[in-house]
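Trainee: First the structure, then my questions, so here it is.
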Amino acid sequence: MFRVVGQRFGNADAFVLGRKTYQIFAAYSLIRGDLAEQVAELKPRSPREIQVHGSGDLAQTLIARDLVDEYHLWLYPVILGTGKRLFASGTVPAALTLAETTTTSTGVVVSIYRRAGKPTFGSFELDQA
């Protein structure tokens with residue numbers, strides 16, 4: 001798992017963190033002012049990746065403002081039954097394409113999804129031949 005994390009961190013030009021996660025990473029990054037404006041301005045100046053780690057509230061703010069191009073989702077082999085939703089109300093509907101999947105030695109599945117435009121919806125209706 002540390003290898004996967006190290007590779008992800010190595011691809012970043014910038015990290016964007018919520019307040020709680022910022023306190024852990026305080027020496028690395030700080031945005032002042034309007035978050036959405038600052039991130040939108042940071043994107044063209046960052047040829048590699050701008051990453052958000054943890055920071056569920058921050059991620060939801062960026063998702064609601066359609067500023068997320070790629071999701072790195074980590075599925076841990078444990079069921080808790082409750083928790084905070086990543087894709088909460090206000091999420092901009094988007095189609096995703098699976099770009100990569102890695103499974104760690106501890107069974108954590110790391111999947112990378114990229115934006116693929118607007119979602120399309122299928123149907124379970126039978127074709128009338």
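Here's how to read the names in the structure tokens: chain A, B, ... by the order shown, residue numbers from 1 in each chain, ligand numbers from 1 in the order shown.
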Applying 12 Å and only C-alpha atoms, which residues near stretch 121-127 of chain A remain after dropping the ones on its own chain fewer than 6 positions away? List them as an MDAnalysis selection string.
Mentor: chainID A and resid 93:95
Trainee: Looking only at the backbone, which of the residues in stretch 13-57 of chain A does DSSP tag as strand (DSSP E), as a list in words?
Mentor: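 So, restricting stretch 13-57 of chain A to strand (DSSP E), we get Asp13, Ala14, Phe15, Glu49, Ile50 and Gln51 of chain A.
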Trainee: For the selection just defined, write its residues with N, CA and C atoms to a file, as a compact mmCIF listing (two decimals), in the first residue's frame.
Mentor:
# COMPACT_ATOMS: atom_id res chain seq x y z
N ASP A 13 1.63 17.98 -8.50
CA ASP A 13 2.21 19.31 -8.49
C ASP A 13 1.72 20.09 -7.29
N ALA A 14 0.53 19.73 -6.79
CA ALA A 14 -0.06 20.43 -5.65
C ALA A 14 -0.99 19.49 -4.90
N PHE A 15 -1.15 19.75 -3.62
CA PHE A 15 -2.11 19.05 -2.78
C PHE A 15 -3.12 20.07 -2.28
N GLU A 49 -0.65 16.57 -11.50
CA GLU A 49 -1.89 16.39 -10.76
C GLU A 49 -2.01 17.37 -9.59
N ILE A 50 -3.24 17.75 -9.29
CA ILE A 50 -3.59 18.40 -8.04
C ILE A 50 -4.35 17.34 -7.27
N GLN A 51 -3.87 16.98 -6.10
CA GLN A 51 -4.46 15.87 -5.36
C GLN A 51 -5.15 16.34 -4.09
Trainee: Could you state the separation of atom CA of A:Leu75 and atom CA of A:Leu98 in Å, given to one decimal place?
Mentor: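 A separation of 14.3 Å between them.
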Trainee: What gap, in Å, lies between atom CA of A:Leu62 and atom CA of A:Thr102?
Mentor: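 Pair atom CA of A:Leu62 / atom CA of A:Thr102 returns 25.0 Å.
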Trainee: Can you tell me which residues surround A:Ala64 at a distance of at most 10 Å, considering only C-alpha atoms, apart from same-chain residues fewer than 5 positions away, and format the answer as a PDB file with C-alpha atoms, in the first residue's frame?
Mentor:
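So out-v4.pdb came out as:
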ATOM      1  CA  ALA A  36     -13.318  26.974  -6.242  1.00  0.00           C
ATOM      2  CA  LEU A  58     -13.315  19.586   0.639  1.00  0.00           C
ATOM      3  CA  ALA A  59     -13.787  16.791  -1.909  1.00  0.00           C
ATOM      4  CA  PHE A  87     -20.960  11.495  -3.510  1.00  0.00           C
ATOM      5  CA  ALA A  88     -23.552  13.438  -1.524  1.00  0.00           C
ATOM      6  CA  SER A  89     -26.404  15.663  -2.677  1.00  0.00           C
ATOM      7  CA  GLY A  90     -25.126  18.386  -4.988  1.00  0.00           C
ATOM      8  CA  THR A  91     -22.798  16.008  -6.814  1.00  0.00           C
ATOM      9  CA  VAL A  92     -22.622  16.811 -10.520  1.00  0.00           C
ATOM     10  CA  PRO A  93     -23.733  13.672 -12.445  1.00  0.00           C
TER      11      PRO A  93
END
Trainee: Of the candidates A:Gly56, A:Gly33, A:Pro77, A:Pro47, which one gets nearest to A:Thr21 if we count only C-alpha atoms?
Mentor: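 Of A:Gly56, A:Gly33, A:Pro77, A:Pro47, the one nearest A:Thr21, counting only C-alpha atoms, is A:Gly56.
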Trainee: Looking at only C-alpha atoms, which of A:Gln38, A:Thr120, A:Ser105, A:Ser55 is the one that sits closest to A:Gly18?
Mentor: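 Using only C-alpha atoms, the shortest distance to A:Gly18 belongs to A:Ser55.
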Trainee: For a test of reading the model, state the distance in Å between atom CA of A:Arg114 and atom CA of A:Trp74, rounded to one decimal.
Mentor: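 Result for atom CA of A:Arg114 versus atom CA of A:Trp74: 14.6 Å, one decimal.
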Trainee: Show which residues sit within 12 Å of A:Arg19, as a short mmCIF file (atom, residue, chain, number, x, y, z; two decimals) with C-alpha atoms, in the first residue's frame. Count only C-alpha atoms, and ignore same-chain residues fewer than 4 positions away.
Mentor:
data_model
loop_
_atom_site.label_atom_id
_atom_site.label_comp_id
_atom_site.auth_asym_id
_atom_site.auth_seq_id
_atom_site.Cartn_x
_atom_site.Cartn_y
_atom_site.Cartn_z
CA GLN A 23 -3.25 20.27 10.12
CA ILE A 24 -1.41 17.05 9.28
CA PHE A 25 0.17 18.43 6.07
CA ALA A 26 0.55 22.06 7.25
CA SER A 29 0.09 23.88 0.94
CA LEU A 30 -2.27 26.78 1.68
CA ILE A 31 -5.10 28.34 -0.36
CA ARG A 32 -6.64 31.59 0.82
CA VAL A 52 -6.93 15.85 -2.49
CA HIS A 53 -6.23 13.31 0.27
CA GLY A 54 -8.84 12.63 2.90
CA SER A 55 -10.74 15.89 3.29
CA GLY A 56 -14.25 14.59 2.61
CA ASP A 57 -15.86 18.03 3.00
CA LEU A 58 -13.31 19.59 0.64
CA ALA A 59 -13.79 16.79 -1.91
#
